[in-house]
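Novice: There's a structure below that I have some questions on.
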Amino acid sequence: MPSPRRFLEASTSLPLIAGWGWNLSVYVGLFTVLLVLMGLLLWMLMKQLGNSATRGSVKPFVNFNAKHDADVLRKAMKGIGTDEDTILMLVAARSNDQRQEIKAAYKKAHGKDLGKDLRSELGGKLEDLIVALMAPPAIYDANELHKAIKGVGTEDKVLIEILASRTCDEIKEISKAYKKEHGAKLEKDIMGDTSGHYQRLLVILVQANRDEGVDESRVEKDAKELFAAGEEKFGTDEDKFINILGNRSAEHLRKVFDAYKKIAGCDIEESLKDECTGNLEALLLAVVKCAKSVPAYFAETVRESMRRAGTDDETLIRIMVSRSERDMLDIRAIYKKKYGESLYSTIQEDTDGDYQKALLYLCGGND
């Protein structure tokens, strides 16, 4: 039988050779380092999966260097003439978070405001697009809403598009940004510029307080109440449509719409077109479409921006900017399936110049 000392040497040869012996703290230290390394690898893997799982056409630039990008943009604007190609290619290929880092690096390195320099060097629709890309999403939406409310006449289509399509969390951030940027409450400004049932639904949407999940016990009841408020009676109970469509979750509403179709024998959109008019009809339809599919809503909206008489560049820019990191790939797929041509090719046909190039970069590819 081997002595205890020989048994110890045989069973722990590596630690003993290294002079560690049975030092428990060494094992604990090694184990801790191993756990940290595994955790770091897992975090990197999850981050990569998260980036690849997004349905946007614009993703974070891999070899990103904010200082380098800031210097490149400065060089593109310095001296005689402006290198628009460099500007649009760089800005369109960076995520919004990265653009904010570039703005900070630009100010630190060159003592100037990047947004102001871009405005002074660019012009027309390209300027509008690049400046829009440089704004954080909540601030961009807040500015679009402020412009829609405070401009000459109310741009109702902007109010409808943004408030019908954004999530509750996004609308809360937009409201905060609106107050900070413009010194007023979004709800108050909306109330001062709209009226009636249309105003009431807008205010409900601004509250960003939709129910969560699906309440199975209310699905059939909500469908019957919607039917009773419209198709089943003479006149329309707009309040009932507003309360249900403005407060239920998207998941719940999709089940309500299915139940409604069985009761009424038609889609709820058909009923809304028969029962409502004007801005209220447009807003209710947008809410329904977004509850069913936000990408499908934007595929239709971006189509309308280019296929009517004259291009609605403001709407086109707003959609391409706001959806490029969210669901542009889904919008493209739905667009191709529904209209038989790619979004990319439609943009090519309907726009030109550097403005077209930037839009195509945001589109991300030809399907």
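Residue numbering restarts at 1 in every chain; chains get A, B, ... in the order shown in the structure tokens, and ligands count up from 1 in that same order.
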Do you have, as a Markdown table, the list of residues of stretch 152-179 of chain A lying at most 12 Å from stretch 245-258 of chain A, each with its nearest atom pair and that distance in Å to one decimal, counting only C-alpha atoms and ordered by chain then number?
Specialist:
```
| residue | atom | partner | partner_atom | distance |
| --- | --- | --- | --- | --- |
| A:Leu163 | CA | A:Gly246 | CA | 10.6 |
| A:Ala164 | CA | A:Gly246 | CA | 9.2 |
| A:Ser165 | CA | A:Ala250 | CA | 10.7 |
| A:Arg166 | CA | A:Ala250 | CA | 11.5 |
| A:Thr167 | CA | A:Ala250 | CA | 9.9 |
| A:Cys168 | CA | A:Ser249 | CA | 9.9 |
```
Novice: Write out as a VMD selection string which residues come within 6 Å of stretch 98-108 of chain A when counting only C-alpha atoms, dropping same-chain ones fewer than 5 positions away.
Specialist: chain A and resid 66 to 67 70 113 to 114
Novice: Which residues are close to A:Ala93, i.e. within 9 Å by only C-alpha atoms, leaving aside same-chain residues fewer than 6 positions away? Reply as a list in words.
Specialist: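 Listing them by chain and then by number gives Val58, Lys59, Pro60, Phe61, Tyr361 and Leu362 of chain A.
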Novice: Write the residues of the preceding selection, restricted to N, CA and C atoms, as a compact mmCIF listing (two decimals), in the first residue's frame.
Specialist:
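Result written to selection_20.txt:
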```txt
# COMPACT_ATOMS: atom_id res chain seq x y z
N VAL A 58 -30.25 48.28 -41.46
CA VAL A 58 -29.06 48.94 -40.93
C VAL A 58 -28.71 48.31 -39.59
N LYS A 59 -27.47 47.85 -39.48
CA LYS A 59 -27.01 47.22 -38.24
C LYS A 59 -25.74 47.93 -37.77
N PRO A 60 -25.38 47.77 -36.51
CA PRO A 60 -24.15 48.42 -36.03
C PRO A 60 -22.94 48.04 -36.88
N PHE A 61 -22.13 49.05 -37.24
CA PHE A 61 -20.93 48.81 -38.03
C PHE A 61 -19.91 48.08 -37.16
N TYR A 361 -29.27 52.78 -49.77
CA TYR A 361 -28.44 52.23 -48.69
C TYR A 361 -29.31 51.82 -47.51
N LEU A 362 -30.28 52.68 -47.16
CA LEU A 362 -31.18 52.38 -46.05
C LEU A 362 -32.09 51.20 -46.36
```
Novice: Can you work out which one of A:Ala259, A:Leu88, A:Val206, A:Leu280 has the shortest atom-to-atom distance to A:Glu238, counting only C-alpha atoms?
Specialist: A:Leu280
Novice: For A:Ile149, please output as a list in words all residues within 8 Å (counting only C-alpha atoms; exclusion window: fewer than 4 positions along the same chain).
Specialist: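 Once the adjacent positions are removed, what remains is Leu145, Gly153, Thr154, Glu155, Asp189, Ile190 and Asp193 of chain A.
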Novice: One number please: atom CA of A:Val158 to atom CA of A:Asp128, in Å, one decimal.
Specialist: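 These two atoms are separated by 16.0 Å.
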Novice: Apply DSSP to the structure's backbone, then extract all residues of stretch 192-363 of chain A labelled helix (DSSP H, G or I) and return them as a short mmCIF file (atom, residue, chain, number, x, y, z; two decimals) with N, CA and C atoms, in the first residue's frame.
Specialist:
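Written output follows (states-v5.cif):
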```
data_model
loop_
_atom_site.label_atom_id
_atom_site.label_comp_id
_atom_site.auth_asym_id
_atom_site.auth_seq_id
_atom_site.Cartn_x
_atom_site.Cartn_y
_atom_site.Cartn_z
N GLY A 192 -54.93 71.30 -28.56
CA GLY A 192 -55.11 72.66 -29.07
C GLY A 192 -55.22 72.73 -30.58
N ASP A 193 -54.94 71.62 -31.24
CA ASP A 193 -54.91 71.65 -32.71
C ASP A 193 -55.87 70.68 -33.37
N GLY A 196 -62.98 66.85 -31.49
CA GLY A 196 -63.93 65.75 -31.63
C GLY A 196 -63.39 64.39 -31.26
N HIS A 197 -63.99 63.38 -31.88
CA HIS A 197 -63.61 61.99 -31.60
C HIS A 197 -62.17 61.71 -32.05
N TYR A 198 -61.76 62.38 -33.11
CA TYR A 198 -60.38 62.24 -33.60
C TYR A 198 -59.39 62.66 -32.51
N GLN A 199 -59.66 63.81 -31.91
CA GLN A 199 -58.82 64.29 -30.82
C GLN A 199 -58.80 63.32 -29.65
N ARG A 200 -59.95 62.78 -29.31
CA ARG A 200 -60.06 61.88 -28.17
C ARG A 200 -59.20 60.63 -28.36
N LEU A 201 -59.22 60.06 -29.55
CA LEU A 201 -58.41 58.88 -29.80
C LEU A 201 -56.92 59.21 -29.79
N LEU A 202 -56.54 60.35 -30.35
CA LEU A 202 -55.14 60.77 -30.31
C LEU A 202 -54.66 60.89 -28.86
N VAL A 203 -55.46 61.50 -28.02
CA VAL A 203 -55.10 61.69 -26.61
C VAL A 203 -54.96 60.35 -25.91
N ILE A 204 -55.85 59.42 -26.21
CA ILE A 204 -55.75 58.07 -25.62
C ILE A 204 -54.45 57.41 -26.05
N LEU A 205 -54.07 57.54 -27.31
CA LEU A 205 -52.84 56.93 -27.81
C LEU A 205 -51.60 57.55 -27.17
N VAL A 206 -51.65 58.87 -26.92
CA VAL A 206 -50.53 59.55 -26.29
C VAL A 206 -50.33 59.07 -24.85
N GLN A 207 -51.40 58.61 -24.19
CA GLN A 207 -51.26 58.09 -22.82
C GLN A 207 -50.35 56.85 -22.79
N GLU A 216 -58.92 36.60 -22.66
CA GLU A 216 -59.80 35.71 -23.43
C GLU A 216 -61.27 35.92 -23.09
N SER A 217 -61.55 36.30 -21.86
CA SER A 217 -62.95 36.48 -21.45
C SER A 217 -63.60 37.71 -22.09
N ARG A 218 -62.78 38.60 -22.66
CA ARG A 218 -63.31 39.84 -23.24
C ARG A 218 -63.29 39.84 -24.76
N VAL A 219 -62.64 38.87 -25.37
CA VAL A 219 -62.49 38.87 -26.84
C VAL A 219 -63.86 38.88 -27.52
N GLU A 220 -64.70 37.91 -27.21
CA GLU A 220 -66.03 37.82 -27.83
C GLU A 220 -66.88 39.03 -27.49
N LYS A 221 -66.78 39.48 -26.25
CA LYS A 221 -67.56 40.64 -25.79
C LYS A 221 -67.16 41.90 -26.57
N ASP A 222 -65.85 42.11 -26.74
CA ASP A 222 -65.39 43.28 -27.50
C ASP A 222 -65.85 43.22 -28.95
N ALA A 223 -65.78 42.04 -29.55
CA ALA A 223 -66.21 41.89 -30.95
C ALA A 223 -67.69 42.22 -31.10
N LYS A 224 -68.50 41.73 -30.17
CA LYS A 224 -69.94 41.99 -30.22
C LYS A 224 -70.25 43.47 -29.99
N GLU A 225 -69.49 44.10 -29.10
CA GLU A 225 -69.72 45.52 -28.83
C GLU A 225 -69.35 46.38 -30.05
N LEU A 226 -68.29 46.01 -30.73
CA LEU A 226 -67.91 46.73 -31.94
C LEU A 226 -68.96 46.57 -33.03
N PHE A 227 -69.49 45.35 -33.15
CA PHE A 227 -70.54 45.10 -34.14
C PHE A 227 -71.80 45.90 -33.80
N ALA A 228 -72.14 45.90 -32.52
CA ALA A 228 -73.33 46.64 -32.07
C ALA A 228 -73.17 48.15 -32.23
N ALA A 229 -71.91 48.61 -32.13
CA ALA A 229 -71.64 50.05 -32.23
C ALA A 229 -71.67 50.56 -33.66
N GLU A 238 -69.15 56.02 -31.98
CA GLU A 238 -67.70 56.20 -32.14
C GLU A 238 -66.92 55.94 -30.85
N ASP A 239 -67.53 56.31 -29.72
CA ASP A 239 -66.83 56.14 -28.44
C ASP A 239 -66.46 54.68 -28.19
N LYS A 240 -67.34 53.77 -28.59
CA LYS A 240 -67.07 52.35 -28.37
C LYS A 240 -65.86 51.90 -29.20
N PHE A 241 -65.81 52.33 -30.46
CA PHE A 241 -64.65 52.00 -31.30
C PHE A 241 -63.37 52.58 -30.70
N ILE A 242 -63.44 53.82 -30.26
CA ILE A 242 -62.27 54.51 -29.70
C ILE A 242 -61.76 53.81 -28.44
N ASN A 243 -62.68 53.47 -27.54
CA ASN A 243 -62.28 52.84 -26.27
C ASN A 243 -61.61 51.49 -26.48
N ILE A 244 -62.19 50.68 -27.34
CA ILE A 244 -61.65 49.33 -27.54
C ILE A 244 -60.37 49.37 -28.37
N LEU A 245 -60.39 50.07 -29.50
CA LEU A 245 -59.22 50.10 -30.37
C LEU A 245 -58.07 50.91 -29.78
N GLY A 246 -58.40 51.85 -28.91
CA GLY A 246 -57.35 52.69 -28.32
C GLY A 246 -56.71 52.13 -27.07
N ASN A 247 -57.36 51.13 -26.43
CA ASN A 247 -56.87 50.66 -25.13
C ASN A 247 -56.45 49.20 -25.07
N ALA A 250 -52.29 44.88 -28.95
CA ALA A 250 -52.33 44.42 -30.35
C ALA A 250 -52.69 42.94 -30.42
N GLU A 251 -52.14 42.14 -29.49
CA GLU A 251 -52.43 40.71 -29.47
C GLU A 251 -53.91 40.45 -29.23
N HIS A 252 -54.47 41.20 -28.30
CA HIS A 252 -55.90 41.05 -27.98
C HIS A 252 -56.75 41.48 -29.18
N LEU A 253 -56.38 42.61 -29.79
CA LEU A 253 -57.17 43.12 -30.91
C LEU A 253 -57.19 42.16 -32.10
N ARG A 254 -56.08 41.47 -32.34
CA ARG A 254 -56.06 40.52 -33.46
C ARG A 254 -57.09 39.41 -33.25
N LYS A 255 -57.26 38.97 -32.03
CA LYS A 255 -58.28 37.95 -31.73
C LYS A 255 -59.68 38.54 -31.85
N VAL A 256 -59.83 39.80 -31.43
CA VAL A 256 -61.12 40.48 -31.56
C VAL A 256 -61.51 40.60 -33.03
N PHE A 257 -60.55 40.95 -33.88
CA PHE A 257 -60.83 41.11 -35.31
C PHE A 257 -61.28 39.79 -35.94
N ASP A 258 -60.65 38.69 -35.51
CA ASP A 258 -61.07 37.38 -36.01
C ASP A 258 -62.51 37.07 -35.60
N ALA A 259 -62.82 37.36 -34.33
CA ALA A 259 -64.18 37.12 -33.83
C ALA A 259 -65.18 38.05 -34.53
N TYR A 260 -64.76 39.27 -34.78
CA TYR A 260 -65.63 40.25 -35.44
C TYR A 260 -66.01 39.78 -36.85
N LYS A 261 -65.04 39.25 -37.56
CA LYS A 261 -65.30 38.80 -38.93
C LYS A 261 -66.33 37.68 -38.95
N LYS A 262 -66.31 36.80 -37.96
CA LYS A 262 -67.29 35.71 -37.89
C LYS A 262 -68.68 36.25 -37.61
N ILE A 263 -68.75 37.32 -36.80
CA ILE A 263 -70.05 37.90 -36.44
C ILE A 263 -70.61 38.76 -37.58
N ALA A 264 -69.75 39.65 -38.14
CA ALA A 264 -70.21 40.63 -39.13
C ALA A 264 -70.15 40.13 -40.56
N ILE A 268 -63.06 44.19 -40.16
CA ILE A 268 -63.42 45.41 -39.44
C ILE A 268 -63.06 46.66 -40.23
N GLU A 269 -62.03 46.56 -41.09
CA GLU A 269 -61.68 47.72 -41.92
C GLU A 269 -62.84 48.14 -42.81
N GLU A 270 -63.55 47.16 -43.36
CA GLU A 270 -64.70 47.47 -44.21
C GLU A 270 -65.78 48.20 -43.43
N SER A 271 -66.01 47.77 -42.21
CA SER A 271 -67.01 48.42 -41.36
C SER A 271 -66.61 49.85 -41.02
N LEU A 272 -65.33 50.04 -40.71
CA LEU A 272 -64.85 51.39 -40.36
C LEU A 272 -65.00 52.35 -41.53
N LYS A 273 -64.74 51.87 -42.74
CA LYS A 273 -64.90 52.72 -43.91
C LYS A 273 -66.36 53.11 -44.12
N ASP A 274 -67.28 52.23 -43.75
CA ASP A 274 -68.71 52.52 -43.89
C ASP A 274 -69.22 53.43 -42.77
N GLU A 275 -68.65 53.26 -41.56
CA GLU A 275 -69.19 53.92 -40.38
C GLU A 275 -68.54 55.26 -40.04
N GLY A 278 -63.29 60.96 -42.61
CA GLY A 278 -62.27 61.95 -42.29
C GLY A 278 -61.09 61.40 -41.49
N ASN A 279 -60.55 62.27 -40.63
CA ASN A 279 -59.37 61.92 -39.85
C ASN A 279 -59.62 60.78 -38.87
N LEU A 280 -60.83 60.71 -38.33
CA LEU A 280 -61.14 59.62 -37.40
C LEU A 280 -61.08 58.29 -38.12
N GLU A 281 -61.64 58.22 -39.31
CA GLU A 281 -61.58 56.99 -40.10
C GLU A 281 -60.12 56.61 -40.38
N ALA A 282 -59.33 57.59 -40.81
CA ALA A 282 -57.92 57.33 -41.14
C ALA A 282 -57.15 56.83 -39.92
N LEU A 283 -57.40 57.42 -38.77
CA LEU A 283 -56.69 57.02 -37.55
C LEU A 283 -57.11 55.64 -37.08
N LEU A 284 -58.42 55.37 -37.09
CA LEU A 284 -58.90 54.04 -36.69
C LEU A 284 -58.36 52.95 -37.61
N LEU A 285 -58.35 53.22 -38.91
CA LEU A 285 -57.83 52.24 -39.87
C LEU A 285 -56.34 51.99 -39.63
N ALA A 286 -55.59 53.07 -39.33
CA ALA A 286 -54.15 52.92 -39.07
C ALA A 286 -53.92 52.09 -37.81
N VAL A 287 -54.73 52.31 -36.78
CA VAL A 287 -54.61 51.54 -35.53
C VAL A 287 -54.89 50.06 -35.80
N VAL A 288 -55.91 49.78 -36.58
CA VAL A 288 -56.26 48.39 -36.91
C VAL A 288 -55.14 47.74 -37.71
N LYS A 289 -54.66 48.44 -38.73
CA LYS A 289 -53.60 47.87 -39.57
C LYS A 289 -52.32 47.61 -38.78
N CYS A 290 -51.98 48.53 -37.87
CA CYS A 290 -50.77 48.35 -37.07
C CYS A 290 -50.94 47.24 -36.03
N ALA A 291 -52.15 47.07 -35.54
CA ALA A 291 -52.40 45.95 -34.61
C ALA A 291 -52.22 44.62 -35.34
N LYS A 292 -52.61 44.59 -36.60
CA LYS A 292 -52.46 43.36 -37.40
C LYS A 292 -51.00 43.14 -37.80
N VAL A 294 -47.44 45.86 -38.19
CA VAL A 294 -46.79 47.16 -38.41
C VAL A 294 -46.00 47.18 -39.72
N PRO A 295 -45.22 46.14 -40.04
CA PRO A 295 -44.51 46.16 -41.33
C PRO A 295 -45.46 46.24 -42.53
N ALA A 296 -46.60 45.56 -42.47
CA ALA A 296 -47.56 45.61 -43.57
C ALA A 296 -48.13 47.03 -43.71
N TYR A 297 -48.37 47.68 -42.58
CA TYR A 297 -48.87 49.06 -42.60
C TYR A 297 -47.86 49.96 -43.30
N PHE A 298 -46.57 49.80 -42.97
CA PHE A 298 -45.56 50.65 -43.58
C PHE A 298 -45.27 50.29 -45.03
N ALA A 299 -45.43 49.03 -45.39
CA ALA A 299 -45.29 48.66 -46.80
C ALA A 299 -46.34 49.39 -47.64
N GLU A 300 -47.55 49.45 -47.13
CA GLU A 300 -48.64 50.16 -47.82
C GLU A 300 -48.39 51.67 -47.83
N THR A 301 -47.94 52.21 -46.70
CA THR A 301 -47.73 53.66 -46.59
C THR A 301 -46.58 54.14 -47.47
N VAL A 302 -45.48 53.36 -47.51
CA VAL A 302 -44.36 53.77 -48.34
C VAL A 302 -44.72 53.64 -49.83
N ARG A 303 -45.57 52.69 -50.15
CA ARG A 303 -46.06 52.55 -51.54
C ARG A 303 -46.84 53.80 -51.94
N GLU A 304 -47.72 54.23 -51.06
CA GLU A 304 -48.54 55.41 -51.33
C GLU A 304 -47.69 56.67 -51.48
N SER A 305 -46.58 56.72 -50.75
CA SER A 305 -45.72 57.91 -50.81
C SER A 305 -45.06 58.07 -52.17
N MET A 306 -44.95 56.97 -52.92
CA MET A 306 -44.25 57.03 -54.21
C MET A 306 -45.13 56.78 -55.42
N ARG A 307 -46.29 56.19 -55.25
CA ARG A 307 -47.09 55.80 -56.40
C ARG A 307 -48.29 56.71 -56.66
N ASP A 313 -42.01 63.05 -50.37
CA ASP A 313 -40.67 62.80 -49.84
C ASP A 313 -40.61 62.85 -48.31
N GLU A 314 -41.42 63.67 -47.70
CA GLU A 314 -41.42 63.75 -46.24
C GLU A 314 -41.82 62.42 -45.62
N THR A 315 -42.86 61.81 -46.16
CA THR A 315 -43.30 60.50 -45.67
C THR A 315 -42.27 59.42 -46.00
N LEU A 316 -41.73 59.45 -47.20
CA LEU A 316 -40.72 58.47 -47.62
C LEU A 316 -39.50 58.53 -46.70
N ILE A 317 -39.02 59.73 -46.42
CA ILE A 317 -37.86 59.89 -45.54
C ILE A 317 -38.18 59.40 -44.13
N ARG A 318 -39.34 59.77 -43.64
CA ARG A 318 -39.72 59.39 -42.27
C ARG A 318 -39.78 57.87 -42.11
N ILE A 319 -40.32 57.18 -43.08
CA ILE A 319 -40.42 55.72 -43.01
C ILE A 319 -39.05 55.07 -43.14
N MET A 320 -38.25 55.51 -44.10
CA MET A 320 -36.94 54.90 -44.32
C MET A 320 -36.02 55.12 -43.12
N VAL A 321 -36.13 56.28 -42.49
CA VAL A 321 -35.30 56.59 -41.32
C VAL A 321 -35.77 55.80 -40.10
N SER A 322 -37.07 55.83 -39.84
CA SER A 322 -37.60 55.25 -38.59
C SER A 322 -37.65 53.73 -38.60
N ARG A 323 -37.69 53.11 -39.79
CA ARG A 323 -37.82 51.65 -39.85
C ARG A 323 -36.53 50.94 -40.25
N MET A 328 -37.23 46.91 -41.53
CA MET A 328 -37.15 47.17 -42.97
C MET A 328 -37.14 45.89 -43.80
N LEU A 329 -36.51 44.83 -43.30
CA LEU A 329 -36.47 43.56 -44.03
C LEU A 329 -37.87 42.98 -44.18
N ASP A 330 -38.69 43.10 -43.14
CA ASP A 330 -40.08 42.62 -43.22
C ASP A 330 -40.91 43.49 -44.16
N ILE A 331 -40.70 44.79 -44.09
CA ILE A 331 -41.40 45.71 -44.98
C ILE A 331 -41.09 45.38 -46.44
N ARG A 332 -39.81 45.14 -46.72
CA ARG A 332 -39.40 44.78 -48.08
C ARG A 332 -40.07 43.49 -48.56
N ALA A 333 -40.10 42.49 -47.69
CA ALA A 333 -40.68 41.19 -48.07
C ALA A 333 -42.18 41.33 -48.35
N ILE A 334 -42.88 42.07 -47.50
CA ILE A 334 -44.33 42.26 -47.68
C ILE A 334 -44.59 43.10 -48.93
N TYR A 335 -43.77 44.12 -49.13
CA TYR A 335 -43.91 44.99 -50.30
C TYR A 335 -43.79 44.18 -51.59
N LYS A 336 -42.76 43.33 -51.65
CA LYS A 336 -42.53 42.52 -52.86
C LYS A 336 -43.71 41.57 -53.11
N LYS A 337 -44.18 40.95 -52.05
CA LYS A 337 -45.28 39.99 -52.17
C LYS A 337 -46.58 40.67 -52.60
N LYS A 338 -46.83 41.84 -52.04
CA LYS A 338 -48.10 42.53 -52.28
C LYS A 338 -48.14 43.26 -53.63
N TYR A 339 -47.01 43.85 -54.02
CA TYR A 339 -47.01 44.71 -55.20
C TYR A 339 -46.24 44.14 -56.39
N LEU A 343 -39.13 47.06 -53.22
CA LEU A 343 -39.09 48.44 -52.73
C LEU A 343 -37.89 49.17 -53.31
N TYR A 344 -36.79 48.45 -53.43
CA TYR A 344 -35.55 49.01 -53.98
C TYR A 344 -35.79 49.56 -55.39
N SER A 345 -36.44 48.76 -56.23
CA SER A 345 -36.66 49.19 -57.62
C SER A 345 -37.64 50.36 -57.69
N THR A 346 -38.61 50.40 -56.79
CA THR A 346 -39.56 51.52 -56.76
C THR A 346 -38.84 52.81 -56.39
N ILE A 347 -37.94 52.73 -55.41
CA ILE A 347 -37.15 53.91 -55.02
C ILE A 347 -36.29 54.36 -56.19
N GLN A 348 -35.70 53.40 -56.91
CA GLN A 348 -34.88 53.74 -58.07
C GLN A 348 -35.67 54.50 -59.12
N GLU A 349 -36.91 54.08 -59.34
CA GLU A 349 -37.75 54.70 -60.36
C GLU A 349 -38.26 56.07 -59.94
N ASP A 350 -38.42 56.27 -58.64
CA ASP A 350 -39.12 57.46 -58.15
C ASP A 350 -38.22 58.57 -57.62
N GLY A 353 -30.29 60.96 -57.95
CA GLY A 353 -29.14 61.62 -57.35
C GLY A 353 -28.65 61.01 -56.05
N ASP A 354 -27.95 61.83 -55.27
CA ASP A 354 -27.41 61.38 -53.99
C ASP A 354 -28.51 61.02 -53.00
N TYR A 355 -29.63 61.70 -53.12
CA TYR A 355 -30.80 61.38 -52.29
C TYR A 355 -31.23 59.94 -52.53
N GLN A 356 -31.28 59.54 -53.81
CA GLN A 356 -31.63 58.17 -54.15
C GLN A 356 -30.61 57.18 -53.58
N LYS A 357 -29.33 57.49 -53.72
CA LYS A 357 -28.28 56.60 -53.21
C LYS A 357 -28.46 56.34 -51.71
N ALA A 358 -28.71 57.41 -50.96
CA ALA A 358 -28.86 57.27 -49.51
C ALA A 358 -30.08 56.42 -49.16
N LEU A 359 -31.18 56.63 -49.87
CA LEU A 359 -32.39 55.83 -49.63
C LEU A 359 -32.13 54.36 -49.93
N LEU A 360 -31.41 54.08 -50.99
CA LEU A 360 -31.12 52.70 -51.36
C LEU A 360 -30.21 52.02 -50.34
N TYR A 361 -29.27 52.78 -49.77
CA TYR A 361 -28.44 52.23 -48.69
C TYR A 361 -29.31 51.82 -47.51
N LEU A 362 -30.28 52.68 -47.16
CA LEU A 362 -31.18 52.38 -46.05
C LEU A 362 -32.09 51.20 -46.36
N CYS A 363 -32.50 51.10 -47.62
CA CYS A 363 -33.34 49.97 -48.04
C CYS A 363 -32.60 48.66 -47.84
#
```
Novice: Restricting the calculation to only C-alpha atoms: of A:Asn65, A:Thr54, A:Asn209, A:Ser120, which residue gets closest to A:Gly81?
Specialist: A:Ser120
Novice: Between A:Ser293, A:Glu121, A:Asp169, A:Lys157, which one has atoms that come closest to A:Ala138, using only C-alpha atoms?
Specialist: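 Distance minimum relative to A:Ala138 lands on A:Asp169.
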Novice: What lies within 10 Å of stretch 82-87 of chain A using only C-alpha atoms, ignoring chain neighbours under 2 positions off, as a PyMOL selection string?
Specialist: chain A and resi 69+72-80+89-92+118+121-122+126-127+130+354-355+357-358
